[in-house]
>>> print(open('model-v4.csv').read())   # CSV, C-alpha atoms
chain,number,residue,atom,x,y,z
A,6,MET,CA,0.0,0.0,0.0
A,7,ALA,CA,1.2,3.5,-0.8
A,8,SER,CA,2.1,5.1,2.5
A,9,ASP,CA,2.4,8.6,1.0
A,10,LEU,CA,-1.1,8.4,-0.5
A,11,ARG,CA,-3.6,10.7,1.2
A,12,LEU,CA,-7.2,10.2,0.1
A,13,VAL,CA,-10.1,12.5,0.7
A,14,SER,CA,-13.4,11.1,1.7
A,15,ALA,CA,-14.9,11.4,-1.7
A,16,GLN,CA,-12.0,9.5,-3.3
A,17,TRP,CA,-12.3,6.7,-0.6
A,18,SER,CA,-16.1,6.5,-1.3
A,19,ILE,CA,-15.5,6.1,-5.0
A,20,LEU,CA,-12.8,3.4,-4.4
A,21,LEU,CA,-14.9,1.5,-1.9
A,22,ASP,CA,-18.0,1.5,-4.2
A,23,LEU,CA,-15.8,0.3,-7.1
A,24,PHE,CA,-14.3,-2.4,-4.8
A,25,ILE,CA,-17.7,-3.7,-3.9
A,26,SER,CA,-18.9,-3.5,-7.6
A,27,ALA,CA,-15.9,-5.5,-8.7
A,28,PHE,CA,-16.8,-8.4,-6.3
A,29,GLU,CA,-20.4,-8.2,-7.5
A,30,ARG,CA,-19.1,-8.2,-11.1
A,31,ARG,CA,-21.2,-5.1,-11.7
A,32,ALA,CA,-20.3,-2.5,-14.3
A,33,VAL,CA,-20.2,1.0,-13.0
A,34,PRO,CA,-21.0,4.0,-15.3
A,35,THR,CA,-18.9,7.1,-14.6
A,36,GLY,CA,-21.9,9.0,-13.3
A,37,ASP,CA,-22.7,6.3,-10.8
A,38,ALA,CA,-19.2,6.4,-9.5
A,39,CYS,CA,-19.6,10.2,-9.1
A,40,LEU,CA,-22.8,9.7,-7.1
A,41,ALA,CA,-21.0,7.3,-4.7
A,42,SER,CA,-18.7,10.2,-3.8
A,43,SER,CA,-21.5,12.3,-2.4
A,44,ALA,CA,-19.7,15.3,-3.9
A,45,PRO,CA,-21.0,17.6,-6.6
A,46,HIS,CA,-20.6,16.0,-10.0
A,47,SER,CA,-17.8,18.3,-11.2
A,48,THR,CA,-15.8,17.7,-8.0
A,49,ALA,CA,-16.4,14.0,-8.2
A,50,LEU,CA,-15.1,13.9,-11.7
A,51,ARG,CA,-11.9,15.6,-10.6
A,52,HIS,CA,-11.5,13.0,-7.9
A,53,LEU,CA,-12.1,10.2,-10.4
A,54,ILE,CA,-9.5,11.7,-12.8
A,55,PHE,CA,-7.1,11.9,-9.9
A,56,LEU,CA,-7.6,8.2,-9.1
A,57,MET,CA,-7.2,7.3,-12.8
A,58,ASP,CA,-4.0,9.3,-13.0
A,59,ALA,CA,-2.7,7.6,-9.9
A,60,GLY,CA,-3.4,4.2,-11.5
A,61,TYR,CA,-6.2,3.0,-9.2
A,62,VAL,CA,-9.1,3.3,-11.5
A,63,THR,CA,-9.5,2.5,-15.2
A,64,ARG,CA,-12.1,3.8,-17.7
A,65,VAL,CA,-13.4,1.8,-20.7
A,66,PRO,CA,-16.2,2.5,-23.2
A,67,ASP,CA,-19.5,0.8,-22.4
A,68,PRO,CA,-20.0,-1.9,-25.0
A,69,ASP,CA,-23.7,-1.6,-24.8
A,70,ASP,CA,-24.0,2.2,-25.0
A,71,ALA,CA,-21.5,4.3,-26.9
A,72,ARG,CA,-22.5,7.4,-25.0
A,73,ARG,CA,-21.3,6.1,-21.6
A,74,THR,CA,-18.0,5.0,-20.1
A,75,LEU,CA,-17.5,2.5,-17.4
A,76,VAL,CA,-15.0,2.7,-14.5
A,77,GLY,CA,-13.5,0.1,-12.4
A,78,LEU,CA,-10.5,-0.6,-10.2
A,79,THR,CA,-7.2,-1.7,-11.6
A,80,SER,CA,-5.3,-4.4,-9.8
A,81,LYS,CA,-3.4,-1.7,-8.0
A,82,GLY,CA,-6.7,-0.2,-6.8
A,83,VAL,CA,-8.0,-3.6,-5.6
A,84,GLU,CA,-4.7,-4.1,-3.7
A,85,LEU,CA,-5.0,-0.6,-2.1
A,86,VAL,CA,-8.6,-1.0,-1.0
A,87,GLY,CA,-8.1,-4.6,0.1
A,88,GLY,CA,-5.0,-3.6,2.1
A,89,CYS,CA,-6.8,-0.7,3.8
A,90,LEU,CA,-9.8,-2.9,4.8
A,91,GLN,CA,-7.5,-5.7,6.0
A,92,ALA,CA,-5.5,-3.1,8.1
A,93,GLU,CA,-8.7,-1.8,9.7
A,94,PHE,CA,-9.9,-5.4,10.4
A,95,ASP,CA,-6.6,-6.2,12.0
A,96,ALA,CA,-6.7,-3.1,14.2
A,97,LEU,CA,-10.3,-3.9,15.3
A,98,LYS,CA,-9.3,-7.5,16.1
A,99,ALA,CA,-6.4,-6.3,18.2
A,100,ALA,CA,-8.5,-3.8,20.0
A,101,LEU,CA,-11.0,-6.5,20.8
A,102,GLY,CA,-8.3,-8.8,22.0
A,103,GLY,CA,-8.6,-11.2,19.1
A,104,ARG,CA,-12.2,-12.1,19.8
A,105,ILE,CA,-13.3,-11.8,16.1
A,106,ASP,CA,-12.4,-13.9,13.1
>>> encode(input="model-v4.csv", output="structure tokens")
Amino acid sequence: MASDLRLVSAQWSILLDLFISAFERRAVPTGDACLASSAPHSTALRHLIFLMDAGYVTRVPDPDDARRTLVGLTSKGVELVGGCLQAEFDALKAALGGRID
């Protein structure tokens, strides 16, 4: 995980939504990813572009609708989100004295 990466809440919300969508094998239109951020659309797009430039998110044309693009996590994005979630789980487990699996 990139220790120097600092995400804002909207970026984390986008990444988490895309992480869940990846496991559900659900395509995510760009507009839906922006909605997940709870930020104004133009702000959400800037965050999405930041995540694409950082290599965590990829964008592809929608094969069913040429007017739309779909976004998803790259393997680097999956590793980042998975690592963050695992670290949070490990911290919670330690705080609870190992009483969860």
>>> closest_residue(input="model-v4.csv", among="A:Trp17, A:Phe24, A:Gly77, A:Gly103", to="A:Ala49", atoms="only C-alpha atoms")
A:Trp17
>>> atom_distance(input="model-v4.csv", atom1="atom CA of A:Val76", atom2="atom CA of A:Thr63")
5.5 Å
>>> closest_atom_pairs(input="model-v4.csv", of="stretch 14-57 of chain A", to="stretch 67-72 of chain A", cutoff="10 Å", atoms="only C-alpha atoms", output="JSON lines")
{"residue": "A:Ala32", "atom": "CA", "partner": "A:Asp67", "partner_atom": "CA", "distance": 8.8}
{"residue": "A:Val33", "atom": "CA", "partner": "A:Asp67", "partner_atom": "CA", "distance": 9.4}
{"residue": "A:Pro34", "atom": "CA", "partner": "A:Asp67", "partner_atom": "CA", "distance": 7.9}
>>> closest_residue(input="model-v4.csv", among="A:Leu75, A:Leu101, A:Ala15, A:Val83", to="A:Ser43", atoms="only C-alpha atoms")
A:Ala15
>>> closest_residue(input="model-v4.csv", among="A:Leu78, A:Val62, A:Leu50, A:Ala99", to="A:Phe28", atoms="all atoms listed in the file")
A:Leu78
>>> atom_distance(input="model-v4.csv", atom1="atom CA of A:Gly82", atom2="atom CA of A:Arg64")
12.8 Å
>>> closest_residue(input="model-v4.csv", among="A:Arg31, A:Ser42, A:Asp22, A:Gly36", to="A:Arg73", atoms="all atoms listed in the file")
A:Gly36
>>> residues_around(input="model-v4.csv", residues="A:Ala44", least_positions_apart="6", cutoff="12 Å", atoms="all atoms listed in the file", output="ChimeraX atom specification")
/A:13-19,36-38,50-53
>>> write_last_selection(input="model-v4.csv", atoms="C-alpha atoms", output="tab-separated table (two decimals), keeping the file's coordinate frame")
chain	number	residue	atom	x	y	z
A	13	VAL	CA	-10.10	12.50	0.70
A	14	SER	CA	-13.40	11.10	1.70
A	15	ALA	CA	-14.90	11.40	-1.70
A	16	GLN	CA	-12.00	9.50	-3.30
A	17	TRP	CA	-12.30	6.70	-0.60
A	18	SER	CA	-16.10	6.50	-1.30
A	19	ILE	CA	-15.50	6.10	-5.00
A	36	GLY	CA	-21.90	9.00	-13.30
A	37	ASP	CA	-22.70	6.30	-10.80
A	38	ALA	CA	-19.20	6.40	-9.50
A	50	LEU	CA	-15.10	13.90	-11.70
A	51	ARG	CA	-11.90	15.60	-10.60
A	52	HIS	CA	-11.50	13.00	-7.90
A	53	LEU	CA	-12.10	10.20	-10.40
>>> decode(input="model-v4.csv", residues="stretch 8-28 of chain A", atoms="N, CA, C and O atoms", output="mmCIF file, in the first residue's frame")
data_model
loop_
_atom_site.group_PDB
_atom_site.id
_atom_site.type_symbol
_atom_site.label_atom_id
_atom_site.label_comp_id
_atom_site.auth_asym_id
_atom_site.auth_seq_id
_atom_site.Cartn_x
_atom_site.Cartn_y
_atom_site.Cartn_z
ATOM 1 N N SER A 8 2.188 4.383 1.251
ATOM 2 C CA SER A 8 2.133 5.069 2.539
ATOM 3 C C SER A 8 2.024 6.578 2.371
ATOM 4 O O SER A 8 1.571 7.256 3.280
ATOM 5 N N ASP A 9 2.418 7.119 1.234
ATOM 6 C CA ASP A 9 2.357 8.559 1.041
ATOM 7 C C ASP A 9 1.048 9.012 0.401
ATOM 8 O O ASP A 9 0.829 10.189 0.213
ATOM 9 N N LEU A 10 0.164 8.090 0.090
ATOM 10 C CA LEU A 10 -1.107 8.432 -0.525
ATOM 11 C C LEU A 10 -2.059 8.976 0.534
ATOM 12 O O LEU A 10 -2.235 8.374 1.590
ATOM 13 N N ARG A 11 -2.649 10.121 0.255
ATOM 14 C CA ARG A 11 -3.628 10.715 1.157
ATOM 15 C C ARG A 11 -4.924 10.884 0.364
ATOM 16 O O ARG A 11 -4.993 11.687 -0.565
ATOM 17 N N LEU A 12 -5.929 10.125 0.741
ATOM 18 C CA LEU A 12 -7.209 10.190 0.056
ATOM 19 C C LEU A 12 -8.169 11.082 0.828
ATOM 20 O O LEU A 12 -8.178 11.069 2.054
ATOM 21 N N VAL A 13 -8.984 11.816 0.110
ATOM 22 C CA VAL A 13 -10.074 12.548 0.743
ATOM 23 C C VAL A 13 -11.288 11.629 0.760
ATOM 24 O O VAL A 13 -11.340 10.611 0.061
ATOM 25 N N SER A 14 -12.261 11.973 1.546
ATOM 26 C CA SER A 14 -13.439 11.136 1.749
ATOM 27 C C SER A 14 -14.118 10.754 0.429
ATOM 28 O O SER A 14 -14.513 9.607 0.242
ATOM 29 N N ALA A 15 -14.273 11.697 -0.470
ATOM 30 C CA ALA A 15 -14.943 11.415 -1.744
ATOM 31 C C ALA A 15 -14.171 10.369 -2.551
ATOM 32 O O ALA A 15 -14.768 9.489 -3.175
ATOM 33 N N GLN A 16 -12.858 10.444 -2.529
ATOM 34 C CA GLN A 16 -12.038 9.469 -3.252
ATOM 35 C C GLN A 16 -12.184 8.087 -2.634
ATOM 36 O O GLN A 16 -12.315 7.093 -3.347
ATOM 37 N N TRP A 17 -12.151 8.012 -1.308
ATOM 38 C CA TRP A 17 -12.311 6.725 -0.635
ATOM 39 C C TRP A 17 -13.691 6.138 -0.950
ATOM 40 O O TRP A 17 -13.834 4.947 -1.195
ATOM 41 N N SER A 18 -14.727 6.983 -0.956
ATOM 42 C CA SER A 18 -16.081 6.506 -1.263
ATOM 43 C C SER A 18 -16.150 5.914 -2.665
ATOM 44 O O SER A 18 -16.776 4.876 -2.874
ATOM 45 N N ILE A 19 -15.506 6.572 -3.618
ATOM 46 C CA ILE A 19 -15.468 6.054 -4.993
ATOM 47 C C ILE A 19 -14.745 4.711 -5.024
ATOM 48 O O ILE A 19 -15.236 3.737 -5.602
ATOM 49 N N LEU A 20 -13.577 4.648 -4.400
ATOM 50 C CA LEU A 20 -12.801 3.409 -4.395
ATOM 51 C C LEU A 20 -13.559 2.272 -3.729
ATOM 52 O O LEU A 20 -13.581 1.146 -4.240
ATOM 53 N N LEU A 21 -14.204 2.552 -2.619
ATOM 54 C CA LEU A 21 -14.937 1.512 -1.906
ATOM 55 C C LEU A 21 -16.121 1.014 -2.728
ATOM 56 O O LEU A 21 -16.374 -0.192 -2.810
ATOM 57 N N ASP A 22 -16.838 1.927 -3.372
ATOM 58 C CA ASP A 22 -17.956 1.537 -4.228
ATOM 59 C C ASP A 22 -17.471 0.671 -5.391
ATOM 60 O O ASP A 22 -18.090 -0.346 -5.721
ATOM 61 N N LEU A 23 -16.359 1.058 -5.995
ATOM 62 C CA LEU A 23 -15.814 0.271 -7.109
ATOM 63 C C LEU A 23 -15.298 -1.090 -6.637
ATOM 64 O O LEU A 23 -15.397 -2.086 -7.361
ATOM 65 N N PHE A 24 -14.771 -1.151 -5.426
ATOM 66 C CA PHE A 24 -14.297 -2.414 -4.846
ATOM 67 C C PHE A 24 -15.472 -3.380 -4.675
ATOM 68 O O PHE A 24 -15.402 -4.544 -5.076
ATOM 69 N N ILE A 25 -16.552 -2.879 -4.105
ATOM 70 C CA ILE A 25 -17.747 -3.714 -3.921
ATOM 71 C C ILE A 25 -18.300 -4.138 -5.278
ATOM 72 O O ILE A 25 -18.650 -5.309 -5.483
ATOM 73 N N SER A 26 -18.363 -3.214 -6.213
ATOM 74 C CA SER A 26 -18.875 -3.515 -7.552
ATOM 75 C C SER A 26 -18.045 -4.578 -8.255
ATOM 76 O O SER A 26 -18.583 -5.421 -8.967
ATOM 77 N N ALA A 27 -16.737 -4.551 -8.034
ATOM 78 C CA ALA A 27 -15.860 -5.548 -8.661
ATOM 79 C C ALA A 27 -16.205 -6.943 -8.163
ATOM 80 O O ALA A 27 -16.241 -7.894 -8.953
ATOM 81 N N PHE A 28 -16.459 -7.081 -6.877
ATOM 82 C CA PHE A 28 -16.797 -8.395 -6.334
ATOM 83 C C PHE A 28 -18.203 -8.830 -6.718
ATOM 84 O O PHE A 28 -18.493 -10.024 -6.771
#
